[in-house]
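Inspection log for the structure reproduced underneath, given as structure tokens.
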Amino acid sequence: MNLLETQTALSIIFALAVILFFLYRFTYNPLKKLLKKAALGDQEAQYELGRLYYRGKHAPQDYAQAFNWFETAAKNGHVRAMNALAGLYNAGQGCTADPSKTFFWYQTAADTGDFEARVNLAVCYLNGIGVAKDEAKGFETMKAAADDKSPIAQTLTADLYERGLGVEKNDKLALHYYFLASKQGEPMAKRKIKKLQDEVMRNFKQ
């Protein structure tokens, strides 16, 4: 085989590999495999099914199906499913909106130490979602997650200090928590730092 024939053969092999890659990428559907695993009690598969139906990817978008699979996974102890289920109850997607169940599932997930759930639980207290409104409790819950190094909780704790919501207003502590969040790459914290620094300096000079 001469050089030209070799190059031609390699080009054909490469083209076939590209075609096979794109055929797999755009025709692969994990739904059947996930359904089989979910039916056997695999909580991760149950959660992933909920995501597929919620997003309408590899399956028709169906909030009721998403709700059913998230609920199944949540009851089997899947923490991310608990968060997702709470969100559906809050939005009334695939179910009747139910603030008390929103709070219940965020609290259940938060009890495992999950940061996302702890932040959302704090928001429930701050806004009275499924529980009596308690801004001080909301701040306390948010700050506890922040002190455990959750970057989004650090950003929101800073915001609460900045606004004086659930706690006495304190720009210096707000700046402190924005800096902590910024070090972990939180973009909102980075944007807030310069503005708040300027305000702190103006107040200091007065």
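If you're wondering about the labels, chains in the structure tokens are A, B, ... by order shown, residues count from 1 in each chain, ligands from 1 in order shown.
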List the spatial neighbours of region 163-178 of chain A as a CSV table (one decimal) with C-alpha atoms, in the first residue's frame - criterion: any atom at most 6 Å away, only C-alpha atoms, same-chain residues fewer than 4 positions off excluded.
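For reference, around-v1.csv as written:
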```csv
chain,number,residue,atom,x,y,z
A,135,GLU,CA,-35.8,36.3,60.4
A,136,ALA,CA,-33.5,35.7,63.3
A,139,PHE,CA,-30.1,34.4,59.8
A,154,GLN,CA,-21.4,33.1,53.0
A,155,THR,CA,-22.6,35.4,50.2
A,158,ALA,CA,-23.1,38.9,54.0
A,182,SER,CA,-15.0,35.5,47.0
A,189,ALA,CA,-19.6,38.2,46.3
```
Contact check, region 62-113 of chain A to region 36-51 of chain A, at most 9 Å, counting only C-alpha atoms, closest pairs as a tab-separated table:
```
residue	atom	partner	partner_atom	distance
A:Tyr63	CA	A:Gly50	CA	8.5
A:Gln65	CA	A:Gly50	CA	6.9
A:Ala66	CA	A:Gly50	CA	4.0
A:Phe67	CA	A:Gly50	CA	6.7
A:Asn68	CA	A:Gly50	CA	7.4
A:Trp69	CA	A:Gly50	CA	4.9
A:Phe70	CA	A:Gly50	CA	5.3
A:Glu71	CA	A:Tyr47	CA	8.6
A:Thr72	CA	A:Gln46	CA	6.9
A:Ala73	CA	A:Gln43	CA	4.9
A:Ala74	CA	A:Gln43	CA	8.0
A:Asn76	CA	A:Gln43	CA	6.3
A:Gly77	CA	A:Gln43	CA	7.7
A:His78	CA	A:Gln43	CA	6.3
A:Arg80	CA	A:Tyr47	CA	7.7
A:Ala81	CA	A:Tyr47	CA	5.8
A:Ala84	CA	A:Gly50	CA	8.8
```
Practice item. Can you check which residues of region 29-77 of chain A DSSP gives as helix (DSSP H, G or I) on the backbone and send them as a PyMOL selection string? Key: chain A and resi 31-39+43-55+63-75
Any chance you can output those residues with C-alpha atoms as a PDB file, in the first residue's frame?
```
ATOM      1  CA  LEU A  31     -34.163   6.129  29.795  1.00  0.00           C
ATOM      2  CA  LYS A  32     -34.670   2.368  29.427  1.00  0.00           C
ATOM      3  CA  LYS A  33     -31.585   1.518  31.465  1.00  0.00           C
ATOM      4  CA  LEU A  34     -32.536   3.974  34.209  1.00  0.00           C
ATOM      5  CA  LEU A  35     -36.109   2.660  34.354  1.00  0.00           C
ATOM      6  CA  LYS A  36     -34.812  -0.860  34.879  1.00  0.00           C
ATOM      7  CA  LYS A  37     -32.427   0.191  37.651  1.00  0.00           C
ATOM      8  CA  ALA A  38     -35.024   2.458  39.288  1.00  0.00           C
ATOM      9  CA  ALA A  39     -37.547  -0.386  39.373  1.00  0.00           C
ATOM     10  CA  GLN A  43     -32.182   5.670  44.339  1.00  0.00           C
ATOM     11  CA  GLU A  44     -29.620   7.346  42.063  1.00  0.00           C
ATOM     12  CA  ALA A  45     -31.432   6.031  39.000  1.00  0.00           C
ATOM     13  CA  GLN A  46     -34.736   7.241  40.466  1.00  0.00           C
ATOM     14  CA  TYR A  47     -33.265  10.711  40.956  1.00  0.00           C
ATOM     15  CA  GLU A  48     -31.796  10.769  37.438  1.00  0.00           C
ATOM     16  CA  LEU A  49     -35.167   9.789  35.991  1.00  0.00           C
ATOM     17  CA  GLY A  50     -36.702  12.735  37.806  1.00  0.00           C
ATOM     18  CA  ARG A  51     -34.092  15.009  36.225  1.00  0.00           C
ATOM     19  CA  LEU A  52     -34.711  13.633  32.733  1.00  0.00           C
ATOM     20  CA  TYR A  53     -38.454  14.169  32.971  1.00  0.00           C
ATOM     21  CA  TYR A  54     -38.037  17.589  34.562  1.00  0.00           C
ATOM     22  CA  ARG A  55     -35.631  18.828  31.897  1.00  0.00           C
ATOM     23  CA  TYR A  63     -43.399  17.476  35.762  1.00  0.00           C
ATOM     24  CA  ALA A  64     -45.769  14.874  37.209  1.00  0.00           C
ATOM     25  CA  GLN A  65     -43.353  12.066  36.293  1.00  0.00           C
ATOM     26  CA  ALA A  66     -40.448  14.134  37.598  1.00  0.00           C
ATOM     27  CA  PHE A  67     -42.310  14.653  40.860  1.00  0.00           C
ATOM     28  CA  ASN A  68     -43.066  10.925  41.207  1.00  0.00           C
ATOM     29  CA  TRP A  69     -39.453   9.882  40.692  1.00  0.00           C
ATOM     30  CA  PHE A  70     -38.011  12.616  42.907  1.00  0.00           C
ATOM     31  CA  GLU A  71     -40.481  11.639  45.624  1.00  0.00           C
ATOM     32  CA  THR A  72     -39.536   7.968  45.321  1.00  0.00           C
ATOM     33  CA  ALA A  73     -35.816   8.748  45.497  1.00  0.00           C
ATOM     34  CA  ALA A  74     -36.317  11.205  48.377  1.00  0.00           C
ATOM     35  CA  LYS A  75     -38.234   8.636  50.415  1.00  0.00           C
TER      36      LYS A  75
END
```
Review point. Quick one: residues within 8 Å of region 116-124 of chain A, only C-alpha atoms counted, chain neighbours fewer than 4 positions away excluded, as a list of chain:residue names?
Key: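 Non-adjacent residues within range: A:Asn83, A:Phe103, A:Tyr106, A:Gln107, A:Ala109, A:Ala110, A:Gly128, A:Ile129, A:Gly130, A:Val131, A:Lys133, A:Lys137, A:Gly138, A:Phe139, A:Glu140, A:Thr141, A:Met142, A:Ala145, A:Ile152, A:Ala153.
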Practice item. Between CA of Glu199 (chain A) and CA of Asn127 (chain A), measure the distance and give it in Å to one decimal. Key: 27.4 Å
